[in-house]
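File shown: my_file_4.json (JSON, C-alpha atoms).
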```json
[["chain", "number", "residue", "atom", "x", "y", "z"],
["A", 1, "MET", "CA", 9.20, 43.17, 12.57],
["A", 2, "THR", "CA", 9.28, 44.07, 16.22],
["A", 3, "PRO", "CA", 8.48, 41.95, 19.28],
["A", 4, "THR", "CA", 5.06, 43.65, 19.47],
["A", 5, "ASP", "CA", 4.20, 42.14, 16.07],
["A", 6, "ILE", "CA", 4.51, 38.61, 17.49],
["A", 7, "ASN", "CA", 1.28, 37.12, 18.86],
["A", 8, "ARG", "CA", -0.79, 40.26, 18.50],
["A", 9, "PRO", "CA", -3.97, 39.32, 20.37],
["A", 10, "ASP", "CA", -6.34, 39.87, 17.43],
["A", 11, "THR", "CA", -4.19, 37.94, 14.95],
["A", 12, "HIS", "CA", -3.49, 35.15, 17.43],
["A", 13, "ALA", "CA", -7.22, 34.76, 18.12],
["A", 14, "GLU", "CA", -7.98, 34.57, 14.39],
["A", 15, "LEU", "CA", -5.36, 31.92, 13.71],
["A", 16, "SER", "CA", -6.36, 29.96, 16.81],
["A", 17, "ALA", "CA", -9.95, 29.90, 15.51],
["A", 18, "ALA", "CA", -8.78, 28.72, 12.07],
["A", 19, "PHE", "CA", -6.69, 25.99, 13.71],
["A", 20, "ALA", "CA", -9.69, 24.87, 15.83],
["A", 21, "ARG", "CA", -11.85, 24.78, 12.70],
["A", 22, "TYR", "CA", -9.20, 22.65, 10.97],
["A", 23, "GLU", "CA", -9.03, 20.23, 13.91],
["A", 24, "ASP", "CA", -12.82, 19.85, 13.98],
["A", 25, "ALA", "CA", -12.90, 19.21, 10.23],
["A", 26, "LEU", "CA", -10.06, 16.69, 10.52],
["A", 27, "VAL", "CA", -11.58, 14.52, 13.25],
["A", 28, "ASN", "CA", -15.06, 14.72, 11.67],
["A", 29, "ASN", "CA", -13.76, 14.08, 8.13],
["A", 30, "HIS", "CA", -15.24, 17.27, 6.68],
["A", 31, "VAL", "CA", -13.17, 17.08, 3.52],
["A", 32, "ASP", "CA", -14.76, 20.19, 2.02],
["A", 33, "VAL", "CA", -13.65, 22.29, 5.02],
["A", 34, "LEU", "CA", -10.16, 20.75, 4.99],
["A", 35, "ASP", "CA", -9.92, 21.60, 1.31],
["A", 36, "GLU", "CA", -11.04, 25.16, 2.01],
["A", 37, "LEU", "CA", -8.40, 25.56, 4.72],
["A", 38, "PHE", "CA", -5.50, 24.54, 2.47],
["A", 39, "TRP", "CA", -4.09, 27.01, -0.03],
["A", 40, "ALA", "CA", -5.39, 26.02, -3.47],
["A", 41, "SER", "CA", -1.97, 26.15, -5.11],
["A", 42, "PRO", "CA", 0.55, 23.84, -6.73],
["A", 43, "HIS", "CA", 3.02, 25.30, -4.20],
["A", 44, "THR", "CA", 1.20, 23.84, -1.19],
["A", 45, "VAL", "CA", 3.06, 20.97, 0.48],
["A", 46, "ARG", "CA", 1.87, 18.35, 2.97],
["A", 47, "TYR", "CA", 4.31, 15.77, 4.24],
["A", 48, "GLY", "CA", 2.43, 13.04, 6.06],
["A", 49, "ALA", "CA", 3.32, 10.01, 8.11],
["A", 50, "GLY", "CA", 3.48, 7.90, 4.96],
["A", 51, "GLU", "CA", 3.19, 10.27, 2.03],
["A", 52, "ASN", "CA", 4.76, 13.35, 0.47],
["A", 53, "LEU", "CA", 2.14, 15.49, -1.22],
["A", 54, "HIS", "CA", 3.11, 18.35, -3.50],
["A", 55, "GLY", "CA", 0.33, 20.65, -4.69],
["A", 56, "ILE", "CA", -3.31, 21.01, -3.77],
["A", 57, "ASP", "CA", -4.42, 18.34, -6.27],
["A", 58, "ALA", "CA", -2.32, 15.66, -4.54],
["A", 59, "ILE", "CA", -3.57, 16.80, -1.13],
["A", 60, "ARG", "CA", -7.20, 16.66, -2.31],
["A", 61, "GLU", "CA", -6.76, 13.14, -3.70],
["A", 62, "PHE", "CA", -5.20, 11.98, -0.43],
["A", 63, "ARG", "CA", -8.10, 13.43, 1.58],
["A", 64, "LYS", "CA", -10.70, 11.76, -0.63],
["A", 65, "ALA", "CA", -9.01, 8.34, -0.38],
["A", 66, "ARG", "CA", -8.26, 8.44, 3.36],
["A", 67, "PRO", "CA", -10.41, 6.23, 5.62],
["A", 68, "SER", "CA", -13.07, 8.18, 7.48],
["A", 69, "VAL", "CA", -12.93, 6.17, 10.73],
["A", 70, "GLY", "CA", -10.49, 6.34, 13.63],
["A", 71, "LEU", "CA", -9.75, 10.03, 13.16],
["A", 72, "ALA", "CA", -10.43, 11.17, 16.74],
["A", 73, "ARG", "CA", -7.36, 12.32, 18.62],
["A", 74, "THR", "CA", -6.27, 14.21, 21.69],
["A", 75, "LEU", "CA", -4.02, 17.24, 21.29],
["A", 76, "ARG", "CA", -1.39, 18.43, 23.74],
["A", 77, "ASN", "CA", 1.36, 21.02, 23.82],
["A", 78, "THR", "CA", -0.24, 23.07, 21.06],
["A", 79, "VAL", "CA", 1.72, 26.23, 20.27],
["A", 80, "ILE", "CA", 0.32, 28.84, 17.91],
["A", 81, "THR", "CA", 2.58, 31.75, 17.05],
["A", 82, "THR", "CA", 1.73, 34.65, 14.76],
["A", 83, "PHE", "CA", 4.11, 37.06, 13.09],
["A", 84, "GLY", "CA", 2.52, 40.32, 11.99],
["A", 85, "ALA", "CA", -1.06, 40.22, 10.75],
["A", 86, "ASP", "CA", -0.82, 37.57, 8.04],
["A", 87, "PHE", "CA", 1.57, 34.76, 8.96],
["A", 88, "GLY", "CA", 1.77, 32.13, 11.67],
["A", 89, "THR", "CA", 2.58, 28.59, 12.69],
["A", 90, "ALA", "CA", 0.64, 25.94, 14.60],
["A", 91, "MET", "CA", 2.50, 23.07, 16.23],
["A", 92, "THR", "CA", 0.91, 20.29, 18.23],
["A", 93, "GLU", "CA", 1.41, 16.79, 19.52],
["A", 94, "PHE", "CA", -1.42, 14.27, 19.28],
["A", 95, "ALA", "CA", -2.43, 10.83, 20.44],
["A", 96, "ARG", "CA", -4.99, 8.52, 18.86],
["A", 97, "GLU", "CA", -6.89, 6.04, 20.97],
["A", 98, "GLY", "CA", -5.47, 2.56, 20.54],
["A", 99, "SER", "CA", -2.20, 3.76, 19.02],
["A", 100, "ALA", "CA", 1.09, 3.53, 20.89],
["A", 101, "LYS", "CA", 2.74, 5.98, 18.48],
["A", 102, "PRO", "CA", 2.55, 9.64, 19.50],
["A", 103, "GLY", "CA", 2.20, 12.07, 16.63],
["A", 104, "ARG", "CA", 3.38, 15.55, 15.78],
["A", 105, "GLN", "CA", 1.88, 18.08, 13.43],
["A", 106, "SER", "CA", 3.19, 21.38, 12.19],
["A", 107, "GLN", "CA", 1.38, 23.83, 9.96],
["A", 108, "THR", "CA", 2.45, 27.05, 8.33],
["A", 109, "TRP", "CA", -0.49, 29.41, 7.89],
["A", 110, "CYS", "CA", -0.77, 32.55, 5.80],
["A", 111, "ARG", "CA", -3.61, 34.99, 5.28],
["A", 112, "ILE", "CA", -4.23, 35.05, 1.53],
["A", 113, "ASP", "CA", -7.11, 36.97, -0.03],
["A", 114, "GLY", "CA", -8.42, 37.76, 3.45],
["A", 115, "ARG", "CA", -8.58, 34.22, 4.85],
["A", 116, "TRP", "CA", -6.23, 31.96, 6.77],
["A", 117, "VAL", "CA", -4.95, 28.93, 4.83],
["A", 118, "VAL", "CA", -2.35, 26.23, 5.41],
["A", 119, "VAL", "CA", 0.51, 26.67, 2.94],
["A", 120, "ALA", "CA", 2.68, 23.85, 4.32],
["A", 121, "ALA", "CA", 2.04, 21.00, 6.73],
["A", 122, "HIS", "CA", 3.93, 18.09, 8.24],
["A", 123, "VAL", "CA", 2.65, 15.09, 10.19],
["A", 124, "SER", "CA", 4.89, 12.44, 11.71],
["A", 125, "LEU", "CA", 4.62, 9.57, 14.15],
["A", 126, "LEU", "CA", 7.24, 8.64, 16.73],
["A", 127, "ALA", "CA", 8.23, 5.14, 17.69],
["A", 128, "PRO", "CA", 6.54, 4.13, 20.96]]
```

Now, as a test, write the supplied structure out as structure tokens.
Amino acid sequence: MTPTDINRPDTHAELSAAFARYEDALVNNHVDVLDELFWASPHTVRYGAGENLHGIDAIREFRKARPSVGLARTLRNTVITTFGADFGTAMTEFAREGSAKPGRQSQTWCRIDGRWVVVAAHVSLLAP
């Protein structure tokens, strides 16, 4: 990989659009879209603020059981980096109205079968 393979404009735009679609689905509780954007594999991992989820089945069950209110948030310091045409990361900080705890989110994305999917994710909250 060469420096010109990092953040190629076309790839960066594609991953940025996938990330924006994910964010919209998250705050609007579109579980079907969230499910579509995660790799449907037992190898997918999502570590949350209070849960460790291994495999798409565990992630799906978490999404179905999660409350559908209070999901709005404000993002800041979002950094999307792509490597080549099929791999990238999305890192962001977030704040929820009424919460004193700032949050962080990291996602590892990969293009599989022609579409961008999250293969690993991490969400954590910081002490205020």

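Interatomic distance, CA of Trp109 (chain A) against CA of Gly88 (chain A): 5.2 Å.
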
### Query
Hey, what's within 10 Å of region 2-16 of chain A if we count all atoms listed in the file and toss same-chain stuff fewer than 4 positions away? As a VMD selection string, please?
chain A and resid 20 to 22 79 to 90 109 to 111 115 to 117

Output as lines of an AutoDock Vina configuration file the centre and edge lengths (Å, one decimal) of the box along x, y and z of the file that holds every listed atom of region 87-97 of chain A after adding 6 Å on each side.
```
center_x = -2.2
center_y = 20.4
center_z = 15.0
size_x = 21.5
size_y = 40.7
size_z = 24.0
```

Can you pull out the residues contacting His43 (chain A)? Cut-off 12 Å, using all atoms listed in the file, and skip same-chain residues under 2 positions away; I want them as a short mmCIF file (atom, residue, chain, number, x, y, z; two decimals) with C-alpha atoms, in the coordinates of the input.
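Here's the written file selection.cif:
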```cif
data_model
loop_
_atom_site.label_atom_id
_atom_site.label_comp_id
_atom_site.auth_asym_id
_atom_site.auth_seq_id
_atom_site.Cartn_x
_atom_site.Cartn_y
_atom_site.Cartn_z
CA PHE A 38 -5.50 24.54 2.47
CA TRP A 39 -4.09 27.01 -0.03
CA ALA A 40 -5.39 26.02 -3.47
CA SER A 41 -1.97 26.15 -5.11
CA VAL A 45 3.06 20.97 0.48
CA ARG A 46 1.87 18.35 2.97
CA LEU A 53 2.14 15.49 -1.22
CA HIS A 54 3.11 18.35 -3.50
CA GLY A 55 0.33 20.65 -4.69
CA ILE A 56 -3.31 21.01 -3.77
CA ASP A 57 -4.42 18.34 -6.27
CA ALA A 58 -2.32 15.66 -4.54
CA ILE A 59 -3.57 16.80 -1.13
CA VAL A 118 -2.35 26.23 5.41
CA VAL A 119 0.51 26.67 2.94
CA ALA A 120 2.68 23.85 4.32
CA ALA A 121 2.04 21.00 6.73
#
```

### Task
Find the residue from A:Ala17, A:Leu26, A:Ile112, A:Leu125 that sits nearest to Arg66 (chain A); use only C-alpha atoms when measuring.
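Among the listed residues, A:Leu26 lies closest to Arg66 (chain A).
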
### Message
Residues near Thr74 (chain A), anyone? I mean within 7 Å using all atoms listed in the file, not counting same-chain ones fewer than 4 positions away, as a count of residues only.
### Response
3

### Task
Have a look at A:Gly98, A:Thr92, A:His122, A:Lys64 and name the one nearest to His30 (chain A); count all atoms listed in the file.
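The shortest atom-to-atom distance to His30 (chain A) comes from A:Lys64.
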
#### Entry: Atomic distance CA of Asn52 (chain A) - CA of Ala18 (chain A), expressed in Å with one decimal
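Computing it gives 23.5 Å between the two atoms.
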
### Query
So which residues are close to (6.8, 8.2, 4.7), meaning at most 10 Å away in the file's coordinates with all atoms listed in the file counted, and can you show them as a VMD selection string?
chain A and resid 47 to 52 123 to 125

### Query
Near Glu93 (chain A), within 6 Å and counting only C-alpha atoms, which residues show up once chain neighbours fewer than 4 positions away are dropped, as a count of residues only?
4

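Among the candidates A:Ala127, A:Leu34, A:Met91, A:Glu23, the one nearest to Phe62 (chain A) when counting all atoms listed in the file is A:Leu34.
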
### Message
Would you compute the distance between CA of Val27 (chain A) and CA of Ala72 (chain A)? Give it in Å to one decimal.
### Response
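Between these atoms lies a distance of 5.0 Å.
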
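Using all atoms listed in the file, the nearest neighbour of Ser68 (chain A) within the list A:Ser106, A:Val31, A:Gly114, A:Leu126 is A:Val31.
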